[in-house]
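For reference, entry-v3.tsv is printed below; it contains TSV, C-alpha atoms and all ligand atoms.
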```tsv
chain	number	residue	atom	x	y	z
Y	1	MET	CA	-6.45	100.78	70.36
Y	2	LYS	CA	-3.48	99.38	72.23
Y	3	LYS	CA	-1.34	97.38	69.85
Y	4	LEU	CA	-0.17	93.84	70.53
Y	5	VAL	CA	3.33	92.63	69.72
Y	6	ALA	CA	3.57	88.87	70.17
Y	7	GLY	CA	6.74	86.87	69.67
Y	8	ASN	CA	6.28	83.37	68.30
Y	9	TRP	CA	9.46	81.54	69.17
Y	10	LYS	CA	8.33	78.45	67.24
Y	11	MET	CA	10.51	75.42	68.05
Y	12	ASN	CA	13.53	77.44	69.14
Y	13	GLY	CA	15.21	78.07	72.45
Y	14	SER	CA	16.92	76.36	75.35
Y	15	LEU	CA	16.97	77.08	79.07
Y	16	ALA	CA	20.18	79.05	78.63
Y	17	ALA	CA	19.16	80.91	75.46
Y	18	ASN	CA	15.73	81.80	76.89
Y	19	ALA	CA	17.29	83.19	80.06
Y	20	ALA	CA	19.69	85.34	78.06
Y	21	LEU	CA	16.92	86.63	75.78
Y	22	LEU	CA	14.64	87.42	78.72
Y	23	ASP	CA	17.47	89.20	80.53
Y	24	ALA	CA	17.94	91.48	77.56
Y	25	LEU	CA	14.20	92.10	77.12
Y	26	ARG	CA	13.47	92.75	80.78
Y	27	VAL	CA	15.89	95.67	80.94
Y	28	HIS	CA	13.69	97.56	78.50
Y	29	LEU	CA	10.26	96.05	79.00
Y	30	THR	CA	9.55	97.00	82.55
Y	31	LYS	CA	6.08	98.36	83.28
Y	32	PRO	CA	4.41	100.35	81.96
Y	33	VAL	CA	4.75	99.50	78.26
Y	34	ALA	CA	2.43	101.39	75.93
Y	35	CYS	CA	1.56	98.28	73.94
Y	36	ASP	CA	0.83	94.69	74.96
Y	37	VAL	CA	3.78	92.36	74.62
Y	38	ALA	CA	3.44	88.57	74.68
Y	39	LEU	CA	5.94	85.74	74.28
Y	40	CYS	CA	4.53	82.55	72.78
Y	41	VAL	CA	7.06	79.96	73.86
Y	42	PRO	CA	7.45	76.20	73.38
Y	43	ALA	CA	5.37	74.33	75.97
Y	44	PRO	CA	8.33	72.83	77.88
Y	45	TYR	CA	9.52	76.34	78.71
Y	46	LEU	CA	6.24	77.76	80.01
Y	47	ALA	CA	7.29	77.47	83.65
Y	48	GLN	CA	10.68	79.02	83.01
Y	49	VAL	CA	9.33	81.97	81.06
Y	50	GLN	CA	6.39	82.42	83.44
Y	51	ALA	CA	8.90	83.12	86.18
Y	52	LEU	CA	11.06	85.36	84.00
Y	53	VAL	CA	8.24	87.64	82.77
Y	54	GLN	CA	6.93	88.17	86.27
Y	55	GLY	CA	6.89	91.87	87.14
Y	56	SER	CA	7.80	92.89	83.58
Y	57	GLY	CA	5.63	94.41	80.88
Y	58	MET	CA	5.49	91.05	79.09
Y	59	VAL	CA	2.96	88.24	79.39
Y	60	LEU	CA	3.12	84.56	78.56
Y	61	GLY	CA	1.67	82.89	75.49
Y	62	ALA	CA	1.51	79.39	74.04
Y	63	GLN	CA	1.79	78.26	70.43
Y	64	ASP	CA	-1.14	75.86	70.39
Y	65	VAL	CA	-3.82	74.32	72.61
Y	66	SER	CA	-5.65	71.02	72.39
Y	67	ALA	CA	-9.15	70.84	70.99
Y	68	TYR	CA	-9.93	68.37	73.76
Y	69	GLU	CA	-10.62	69.16	77.37
Y	70	SER	CA	-8.59	66.36	78.97
Y	71	GLY	CA	-7.94	62.65	78.69
Y	72	ALA	CA	-6.14	60.14	76.48
Y	73	TYR	CA	-4.57	62.50	73.94
Y	74	THR	CA	-0.87	61.76	74.13
Y	75	GLY	CA	1.33	64.74	73.42
Y	76	GLU	CA	-1.43	67.31	73.71
Y	77	PHE	CA	-1.83	70.03	76.32
Y	78	SER	CA	-5.13	71.52	77.40
Y	79	ALA	CA	-6.34	75.06	77.90
Y	80	ALA	CA	-6.66	74.35	81.63
Y	81	MET	CA	-2.98	73.36	81.75
Y	82	LEU	CA	-2.03	76.62	80.05
Y	83	GLN	CA	-4.18	78.45	82.56
Y	84	ASP	CA	-2.15	76.81	85.34
Y	85	PHE	CA	0.94	78.63	84.03
Y	86	GLY	CA	-0.73	82.01	83.73
Y	87	VAL	CA	-0.83	81.85	79.94
Y	88	ARG	CA	-2.73	84.83	78.49
Y	89	TYR	CA	-2.60	84.09	74.75
Y	90	ALA	CA	-2.56	80.92	72.68
Y	91	ILE	CA	-1.82	80.90	68.97
Y	92	VAL	CA	-4.28	78.67	67.12
Y	93	GLY	CA	-4.30	77.69	63.47
Y	94	HIS	CA	-0.78	78.79	62.65
Y	95	SER	CA	-0.07	77.92	59.03
Y	96	GLU	CA	2.71	75.60	60.15
Y	97	ARG	CA	0.15	73.58	62.09
Y	98	ARG	CA	-2.35	73.70	59.24
Y	99	GLN	CA	0.40	72.52	56.87
Y	100	PHE	CA	2.41	70.00	58.91
Y	101	HIS	CA	-0.31	68.77	61.26
Y	102	GLN	CA	-3.27	68.86	58.90
Y	103	GLU	CA	-5.27	71.23	61.09
Y	104	THR	CA	-8.58	72.10	59.49
Y	105	ASP	CA	-10.65	75.27	59.77
Y	106	ALA	CA	-13.11	73.38	61.97
Y	107	LEU	CA	-10.40	72.12	64.32
Y	108	VAL	CA	-8.92	75.60	64.62
Y	109	ALA	CA	-12.35	76.93	65.55
Y	110	ILE	CA	-12.65	74.38	68.35
Y	111	LYS	CA	-9.18	75.26	69.64
Y	112	ALA	CA	-10.19	78.92	69.74
Y	113	GLN	CA	-13.31	77.93	71.66
Y	114	ARG	CA	-11.28	75.93	74.21
Y	115	ALA	CA	-8.95	78.84	74.80
Y	116	LEU	CA	-11.80	81.32	75.20
Y	117	ALA	CA	-13.58	79.05	77.68
Y	118	ALA	CA	-10.41	79.05	79.80
Y	119	GLY	CA	-10.08	82.82	79.68
Y	120	ILE	CA	-7.10	82.64	77.31
Y	121	THR	CA	-7.11	84.91	74.27
Y	122	PRO	CA	-6.70	82.86	71.10
Y	123	ILE	CA	-4.52	84.42	68.42
Y	124	VAL	CA	-6.32	82.98	65.40
Y	125	CYS	CA	-4.07	82.80	62.34
Y	126	VAL	CA	-5.33	83.04	58.79
Y	127	GLY	CA	-3.43	83.47	55.55
Y	128	GLU	CA	-3.11	82.38	51.96
Y	129	THR	CA	-0.34	80.47	50.22
Y	130	LEU	CA	1.57	81.92	47.30
Y	131	ALA	CA	-0.40	79.75	44.86
Y	132	GLU	CA	-3.67	80.99	46.34
Y	133	ARG	CA	-2.56	84.62	46.11
Y	134	GLU	CA	-1.46	84.19	42.52
Y	135	ALA	CA	-4.80	82.60	41.71
Y	136	GLY	CA	-6.57	85.66	43.13
Y	137	LEU	CA	-7.99	83.69	46.03
Y	138	THR	CA	-6.53	85.65	48.96
Y	139	PHE	CA	-9.78	87.17	50.26
Y	140	GLU	CA	-11.73	83.99	49.71
Y	141	VAL	CA	-9.22	81.89	51.67
Y	142	VAL	CA	-8.87	84.17	54.69
Y	143	LYS	CA	-12.63	84.73	54.84
Y	144	ARG	CA	-13.26	80.98	54.80
Y	145	GLN	CA	-10.71	80.45	57.58
Y	146	LEU	CA	-12.22	83.21	59.73
Y	147	ALA	CA	-15.80	82.15	59.00
Y	148	ALA	CA	-15.26	78.80	60.72
Y	149	VAL	CA	-14.07	80.54	63.88
Y	150	VAL	CA	-16.91	83.07	63.80
Y	151	HIS	CA	-19.44	80.29	63.25
Y	152	LEU	CA	-18.42	78.44	66.40
Y	153	ASN	CA	-17.54	81.41	68.61
Y	154	GLY	CA	-20.01	84.00	67.34
Y	155	HIS	CA	-21.10	85.42	70.66
Y	156	CYS	CA	-17.56	86.03	71.92
Y	157	ILE	CA	-15.75	86.70	68.64
Y	158	SER	CA	-14.72	90.16	69.87
Y	159	GLU	CA	-12.53	88.43	72.50
Y	160	ILE	CA	-10.10	86.97	69.95
Y	161	VAL	CA	-6.99	88.38	68.37
Y	162	LEU	CA	-6.83	87.75	64.64
Y	163	ALA	CA	-3.48	87.35	62.88
Y	164	TYR	CA	-3.11	87.75	59.14
Y	165	GLU	CA	-0.07	85.72	58.17
Y	166	PRO	CA	0.40	85.26	54.44
Y	167	VAL	CA	2.13	81.89	54.17
Y	168	TRP	CA	4.47	83.16	51.44
Y	169	ALA	CA	5.79	85.84	53.81
Y	170	ILE	CA	6.58	83.56	56.75
Y	171	GLY	CA	10.29	83.03	57.29
Y	172	THR	CA	11.00	84.03	53.70
Y	173	GLY	CA	12.13	87.61	54.20
Y	174	LYS	CA	9.31	88.62	51.83
Y	175	THR	CA	6.87	90.91	53.60
Y	176	ALA	CA	3.44	91.93	52.43
Y	177	SER	CA	3.58	95.63	51.63
Y	178	PRO	CA	1.68	97.79	54.12
Y	179	GLN	CA	-0.98	98.35	51.43
Y	180	GLU	CA	-1.30	94.63	50.63
Y	181	ALA	CA	-1.61	93.77	54.31
Y	182	GLN	CA	-4.06	96.60	55.02
Y	183	ALA	CA	-6.31	95.46	52.18
Y	184	VAL	CA	-6.64	92.02	53.75
Y	185	HIS	CA	-7.02	93.42	57.27
Y	186	LEU	CA	-9.88	95.60	56.05
Y	187	VAL	CA	-11.68	92.63	54.54
Y	188	LEU	CA	-11.24	90.76	57.83
Y	189	ARG	CA	-12.46	93.78	59.80
Y	190	GLN	CA	-15.59	93.99	57.69
Y	191	GLN	CA	-16.24	90.30	58.19
Y	192	LEU	CA	-15.92	90.76	61.95
Y	193	GLN	CA	-18.22	93.80	61.81
Y	194	ALA	CA	-20.88	91.71	60.15
Y	195	ALA	CA	-20.61	89.24	63.05
Y	196	SER	CA	-20.27	91.51	66.05
Y	197	GLU	CA	-21.06	95.04	67.17
Y	198	ARG	CA	-17.77	95.06	68.98
Y	199	ALA	CA	-15.62	94.14	66.00
Y	200	ASP	CA	-13.76	97.43	66.13
Y	201	ARG	CA	-12.01	96.40	69.33
Y	202	VAL	CA	-10.64	93.17	67.86
Y	203	ARG	CA	-6.94	93.45	67.24
Y	204	ILE	CA	-5.92	92.27	63.80
Y	205	VAL	CA	-2.16	91.76	63.82
Y	206	TYR	CA	0.16	91.08	60.91
Y	207	GLY	CA	2.77	88.32	60.76
Y	208	GLY	CA	5.30	87.34	58.11
Y	209	SER	CA	8.86	88.61	58.09
Y	210	MET	CA	8.00	91.61	60.21
Y	211	ASN	CA	11.27	93.10	61.42
Y	212	ALA	CA	12.87	96.18	62.92
Y	213	ALA	CA	13.06	97.88	59.53
Y	214	ASN	CA	9.52	97.34	58.23
Y	215	ALA	CA	7.47	97.30	61.46
Y	216	ALA	CA	6.73	101.02	61.66
Y	217	SER	CA	5.29	101.27	58.15
Y	218	LEU	CA	3.11	98.18	58.62
Y	219	LEU	CA	1.91	99.33	62.03
Y	220	ALA	CA	0.98	102.74	60.63
Y	221	GLU	CA	-1.86	101.20	58.61
Y	222	HIS	CA	-5.35	101.78	59.96
Y	223	ASP	CA	-6.31	98.15	60.54
Y	224	ILE	CA	-2.91	96.73	61.52
Y	225	ASP	CA	-3.10	96.53	65.29
Y	226	GLY	CA	0.15	94.78	66.05
Y	227	GLY	CA	2.46	92.03	64.93
Y	228	LEU	CA	3.08	88.33	65.34
Y	229	ILE	CA	6.82	88.00	65.08
Y	230	GLY	CA	8.77	84.84	64.33
Y	231	GLY	CA	12.48	85.10	63.57
Y	232	ALA	CA	12.91	88.66	64.81
Y	233	SER	CA	11.45	87.73	68.21
Y	234	LEU	CA	14.52	85.62	68.95
Y	235	LYS	CA	16.86	88.61	68.85
Y	236	ALA	CA	16.35	91.10	71.66
Y	237	PRO	CA	17.36	94.26	69.76
Y	238	ASP	CA	15.09	93.42	66.82
Y	239	PHE	CA	12.12	92.51	68.99
Y	240	LEU	CA	12.59	95.62	71.11
Y	241	ALA	CA	12.69	97.80	68.00
Y	242	ILE	CA	9.34	96.34	66.88
Y	243	VAL	CA	7.84	96.95	70.32
Y	244	GLN	CA	9.16	100.49	70.13
Y	245	ALA	CA	7.50	100.97	66.75
Y	246	ALA	CA	4.19	99.79	68.22
Y	247	GLN	CA	4.12	102.31	71.06
Y	301	LIG	P1	8.63	85.16	60.62
Y	301	LIG	O1	8.54	86.47	61.35
Y	301	LIG	O2	9.85	84.38	60.97
Y	301	LIG	O3	8.41	85.33	59.15
Y	301	LIG	O4	7.42	84.26	61.16
Y	301	LIG	C1	6.15	84.80	61.20
Y	301	LIG	C2	5.27	83.88	61.93
Y	301	LIG	O5	4.98	82.79	61.46
Y	301	LIG	C3	4.79	84.28	63.25
Y	301	LIG	O6	3.82	83.42	63.73
```

Turn this file's structure into structure tokens for me.
Ligand code: 13P
Amino acid sequence: MKKLVAGNWKMNGSLAANAALLDALRVHLTKPVACDVALCVPAPYLAQVQALVQGSGMVLGAQDVSAYESGAYTGEFSAAMLQDFGVRYAIVGHSERRQFHQETDALVAIKAQRALAAGITPIVCVGETLAEREAGLTFEVVKRQLAAVVHLNGHCISEIVLAYEPVWAIGTGKTASPQEAQAVHLVLRQQLQAASERADRVRIVYGGSMNAANAASLLAEHDIDGGLIGGASLKAPDFLAIVQAAQ
């Protein structure tokens, strides 16, 4: 299956920095690229990056989407608005949103549903904290998080991308070993298989301190179908090396 490498810029960037980064990426990521490449950018820069990825092998992504369709929800942006900018992927349920914005499993499931209804692929994030891992709760936590999304989106669950992002590996420089990550991906795959005949085509990507040095070994695992890249997606050479490893 074609791998997906998605950069999550988080709350980083500026008009000038984005233009410089895109300049460097575009030189190498002209069509055709043998894996899918997405840039999930801060909402204010959607228009800028939409223009800059045009004609390249990269597509546009967002970092969130509202659970509401439209209306009096100050600060939110809807799936239809993302559609207006040609957004192809929207991250939902990132651990930073679960942690700092109190997003629940149920809310994340609705966000995934909104994205799907607009023809945008949700990148649904699941992952355990360090305390949960140490308590032996890893599988239980990620299965609970995925179950909510399956419950609400059952019929079209094969249209999502799933991201396993252990919270303890995000921005810490600590990466799950390929074997640790694969073990969780396999559990997630089996859960998807129980829900859908088409589970084998769902891409399950890994995120958490993935970088130029460790990408190839992670991506070599059977059920690791790509990466969701934070810090390393802000540096063109590092991001390009990960894309290279995914091809
Ligand atoms: P880092 O790659 O910076 O650890 O971030 C991972 C992540 O949260 C991607 O969504």

Next item on the list: Could you tell me, counting only C-alpha atoms and all ligand atoms, which protein and nucleic acid residues lie no more than 7 Å from ligand LIG 301 (chain Y), written as a PyMOL selection string?
Entry: chain Y and resi 8+94+165+169-173+207-210+228-232

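Every residue within 9 Å of the file position (4.4, 91.4, 69.5), judged by only C-alpha atoms, is given as Lys3, Leu4, Val5, Ala6, Gly7, Asn8, Cys35, Asp36, Val37, Ala38, Leu39, Val205, Gly226, Gly227, Leu228, Ile229, Ser233, Phe239, Ile242, Val243 and Ala246 of chain Y.
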
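If all atoms listed in the file are the atoms counted, then among Y:Leu22, Y:Ala220, Y:Ala212, Y:Leu146 the closest residue to Leu188 of chain Y is Y:Leu146.
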
Checklist line | 9 Å contact set for segment 25-27 of chain Y, all atoms listed in the file, chain neighbours under 3 positions out, as a ChimeraX atom specification | finding: /Y:20-22,30,52-53,56-58,236-237,239-240

Check: With all atoms listed in the file as the basis for distance, which of Y:Gly93, Y:Pro44, Y:Pro166, Y:Gly154 is at the shortest distance from Leu192 of chain Y?
Finding: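 Result for the nearest residue to Leu192 of chain Y: Y:Gly154.
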
Give as a PDB file with C-alpha atoms, keeping the file's coordinate frame each residue that has an atom at most 7 Å from (8.6, 83.1, 76.6) in the file, counting only C-alpha atoms.
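Writing done, so here's point.pdb:
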```
ATOM      1  CA  LEU Y  39       5.940  85.740  74.280  1.00  0.00           C
ATOM      2  CA  CYS Y  40       4.530  82.550  72.780  1.00  0.00           C
ATOM      3  CA  VAL Y  41       7.060  79.960  73.860  1.00  0.00           C
ATOM      4  CA  LEU Y  46       6.240  77.760  80.010  1.00  0.00           C
ATOM      5  CA  VAL Y  49       9.330  81.970  81.060  1.00  0.00           C
ATOM      6  CA  LEU Y  60       3.120  84.560  78.560  1.00  0.00           C
TER       7      LEU Y  60
END
```

Next item on the list: Just give me the gap between atom CA of Ala72 of chain Y and atom CA of Val124 of chain Y in Å, one decimal is fine.
Entry: 25.4 Å

Item checked: Coordinates-based distance that separates atom CA of Phe100 of chain Y from atom CA of Val202 of chain Y (Å, one decimal) ->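 A separation of 28.1 Å between them.
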
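For the atom pair formed by atom CA of Pro178 of chain Y and atom CA of Glu221 of chain Y, the distance is 6.7 Å, given to one decimal.
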
Next item on the list: Check the smallest atom-to-atom distance from each of Y:Asn153, Y:Thr129, Y:Gln99, Y:Gln145 to Ala112 of chain Y using all atoms listed in the file, then report the winner.
Entry: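 Distance minimum relative to Ala112 of chain Y lands on Y:Asn153.
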
Check: Pick from Y:Lys174, Y:Arg203, Y:Lys31, Y:Lys143: nearest to Ile160 of chain Y, with only C-alpha atoms counted?
Finding: Y:Arg203

Next item on the list: Choose the residue, out of Y:Ala245, Y:Val150, Y:Ser217, Y:Asp200, that has the smallest atom-to-atom separation from Met1 of chain Y; count only C-alpha atoms.
Entry: Y:Asp200

Checklist line | Using all atoms listed in the file: which of Y:Thr121, Y:Thr138, Y:Gln113, Y:Gln63 has the shortest distance to Val184 of chain Y | finding: Y:Thr138

Check: Could you name the residues that touch Leu107 of chain Y at 12 Å or less, counting only C-alpha atoms, but leaving out those on the same chain fewer than 6 positions away, as an NGL selection string?
Finding: :Y and (64-68 or 92-94 or 97-98 or 101 or 113-114 or 124 or 145 or 148-149 or 152)
